[in-house]
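In what follows, a single structure is set out as structure tokens and then discussed.
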Amino acid sequence: MQLGQDEITEYDVEPPYDVTEGDLPDDRFLDRELSWLSFNTRVLELAEDPNIPLLERVRFLAIFANNLDEFFMVRVAGLKRRMAAGVAVRAASGMLPREQLEAIWARTRELMTRHADCFHNLVHPRLAKENIEILRWADLSPDAQGRMHDLFSSRVFPVLTPLAVDPAHPFPYISGLSLNLAVVVRNPQTTGEHFARVKVPQILPRFVPVDEQRFVPLEDVIAAHLDQLFPGMEILQHHTFRVTRNEDLEVEEDDAENLLQAIERELMRRRFGPPVRLEVEASIDPHVLDLLISELGVSEEEVCRLTGPLDLSGLSAIADLDRADLKYPAFVPATHRDLAEVESAHPPDVFAAIRQHEVLLHHPYDSFSTSVQRFIEQAAADPQVLAIKQTLYRTNEESPIVDALIDAAEAGKQVLVVVEIKARFDEEANIRWARKLEQSGCHVVYGIIGLKTHCKLALVVRDEADGLRRYAHIGTGNYNPKTARLYEDLGLLSSDPVLAADLSALFNTLSGYARTTEYDRLLVAPRSVRAGLIERIRREVEHHRAGRPARIRFKVNSLVDEAVVDALYNASRAGVPIDLWIRGICALKPGVPGLSETIRVRSILGRFLEHSRIFWFAGGGEPELWTGSADLMHRNLDRRVEALARIVQKDHIEELTNLLDLAFDEGTAVWHLDASATWTRHHLDPDGESLRDLQEYLIATKLRRR
């Protein structure tokens, strides 16, 4: 019997919430797209800051460029798609898609120019003083040019394919984010001029090393040798250009039964998405630009003229130079104190430590490899472990986590892995992991149709003297040892039977026909995260009105969901103090008289990417605290499986309360958001001295405790 899709794939979602109590102004939401651009502006401010180590500033320049590429590939592309489909629905901010696009272009032009100016006028001269140079071809010495001639002949020329454009050769397809040379040549016999395109190979370094600390853009090396690509022709001019395309995936739900194949087909289509931006060097010839505009199908408004070199995302390789004197001081995460005492055992017994009490991890200050990674590796090797269940959203190449799961399956353990193959821009890697895991004997599932599985969960079932015991991990970050050194995240290791039972029920929902909707220590989206948080926001109002301690403090990556924002507005109007620590997008307007006077919004950016989520409620004097994978965005609350776990140990509640206290202390460097959507950096005291860098302070605190 073939079951209908509605019989097996429907997943209950919470009903829409109307939290409005009285009239709220129509213009109470900031635009999410413009708010994201403000976040990337804060990244750029770090690149501009002369007090930040020089190569870290270079890295922030690269991060800014990467961020903006993804913004155009996804957000701008989505707006264009809506306009093309005739969907002119206003955003919560009140702006129509066309109005949003116009505002985005005005802002991004300013930011891209500022980004190029930062590189050329602020960072590049400082690099030169440190004998690190990014040179153009004309700046190279004859000896250096000679070495580049040899490099071109041996490494570059063989992989180049010049493509002519004429009646017999149509304009070639320009892949997204590829760097290209538009070349105009002349036939000396006919005097006819012709256009050709040369793609700059992405498999070669973006900036070619001349020696250990000097580099030249790869396109300059190619341009200097165009006569070898077009022998017998006169090279009249050449110009660098770059196209950004719509690269978001659209998988039809009808394809869900063959999701792996559907994703693979869509990945092939991604390469041919419509263009959304054309970057050119400011010196480009107008006739060449007109040809590119016409052939690529972009509008004049989508053209960005910049001072070269283009594509500064490649600066990440420069930032990786071995110059410790130009980087943040080295920091090696230590084993968490609750796990350190088991390190002396041979082998170290993580399970013994977790049985004593729950372990709250704060990465990267606490080592990921000696906690979460060791937890999975020990489970894989332990003959008493019967089963391992885990979600994988993003991981890295040669992942020790994946290797451990494979070892466990090959050792005969039951291994269930929920792989999210729709994780944006990691789809191909996750397909490879899924197949590798399946071939080793793991049970691989792709979650619930129509929802991304974004929660970070691991569950280990172990046969012990007093019976079966389950051990759990729930976190805010991916099971990726590489990013765990760069992302700030929280994780909880626990043998609490209540939490373990919740995770078991959730895994059964993800892998089978279970439809659990109620949990004891979890809030799970898309059923209960929004509802649970709004309920607790309302409780704080009740506590405040009754004269009991009342306060709300959230730490999230983004705050967009209108229902949650309105609940916070209503709590503020009732007089509840609210602190919001937000790394990225914020749709809420703080400090508006009669609406949000008690709300403060702060942002912290720095050495590590602030990525953890904390939801803290005063609870009438008994603080209630939750942490997990969910941000306060529609996609997290409605279209993803997310999980928040309640923190129950008093010392853990105190630790996270102290972290929030530090973030909102006036002595800590932060950005402040005001009601006009302006973010202002506060990093100096009245005497011009630097305020506390929260991340460096936490590093120093960890070092003192060793």
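Residue numbering restarts at 1 for every chain of the structure tokens, chains are lettered A, B, ... in their displayed order, and ligands are numbered from 1 as they appear.
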Could you give me the residues within segment 208-376 of chain A that DSSP places in alpha helix (DSSP H), as a ChimeraX atom specification?
-> /A:218-223,226-229,259-270,286-296,316-319,337-340,350-356,374-376
Can I get the selected residues back with C-alpha atoms, as a compact mmCIF listing (two decimals), in the first residue's frame?
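Writing done, so here's selection19.txt:
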```
# COMPACT_ATOMS: atom_id res chain seq x y z
CA LEU A 218 46.50 36.03 -11.00
CA GLU A 219 44.60 38.05 -13.61
CA ASP A 220 47.61 40.35 -13.97
CA VAL A 221 49.84 37.37 -14.77
CA ILE A 222 47.35 36.17 -17.40
CA ALA A 223 46.90 39.65 -18.88
CA LEU A 226 47.60 37.40 -23.63
CA ASP A 227 49.79 37.41 -26.73
CA GLN A 228 50.42 33.70 -26.07
CA LEU A 229 46.68 33.03 -25.93
CA LEU A 259 15.66 14.22 -2.08
CA LEU A 260 19.27 13.30 -2.78
CA GLN A 261 18.70 13.24 -6.53
CA ALA A 262 16.60 16.41 -6.37
CA ILE A 263 19.38 18.31 -4.62
CA GLU A 264 21.96 17.06 -7.12
CA ARG A 265 19.80 18.23 -10.04
CA GLU A 266 19.31 21.61 -8.42
CA LEU A 267 23.05 21.96 -7.81
CA MET A 268 23.56 21.60 -11.55
CA ARG A 269 20.94 24.30 -12.17
CA ARG A 270 22.60 26.60 -9.64
CA PRO A 286 32.39 51.89 -22.17
CA HIS A 287 31.89 49.80 -25.32
CA VAL A 288 33.13 46.64 -23.59
CA LEU A 289 30.86 47.37 -20.64
CA ASP A 290 27.88 47.83 -22.96
CA LEU A 291 28.60 44.45 -24.51
CA LEU A 292 28.78 42.76 -21.11
CA ILE A 293 25.54 44.40 -19.96
CA SER A 294 23.76 43.33 -23.12
CA GLU A 295 25.04 39.74 -23.23
CA LEU A 296 24.67 39.07 -19.50
CA SER A 316 42.10 35.30 3.25
CA ALA A 317 45.27 33.66 1.91
CA ILE A 318 47.24 36.80 2.76
CA ALA A 319 45.70 36.79 6.25
CA ARG A 337 37.73 21.79 34.05
CA ASP A 338 35.02 19.15 34.58
CA LEU A 339 36.64 16.95 31.94
CA ALA A 340 40.28 17.73 32.71
CA VAL A 350 34.17 11.28 29.32
CA PHE A 351 31.14 9.26 30.38
CA ALA A 352 32.42 9.10 33.97
CA ALA A 353 32.64 12.88 34.11
CA ILE A 354 29.16 13.36 32.63
CA ARG A 355 27.66 10.89 35.11
CA GLN A 356 28.81 13.12 37.97
CA ARG A 374 36.14 12.93 22.39
CA PHE A 375 32.56 12.15 23.46
CA ILE A 376 31.73 10.79 20.00
```
Contacts of segment 630-637 of chain A within 9 Å, only C-alpha atoms, excl. fewer than 5 positions in-chain, as a ChimeraX atom specification = /A:452,454-455,476,524-530,556-562,564,613,642-644
Selection: 12 Å around Lys650 of chain A, only C-alpha atoms, excl. self and same-chain fewer than 3 positions, as a ChimeraX atom specification | /A:357-358,360,622-625,646-647,653-657
Pick from A:Gly591, A:Pro125, A:Pro209, A:Pro231 nearest to Pro162 of chain A, counting only C-alpha atoms |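 For Pro162 of chain A, the nearest of the given residues is A:Pro231.
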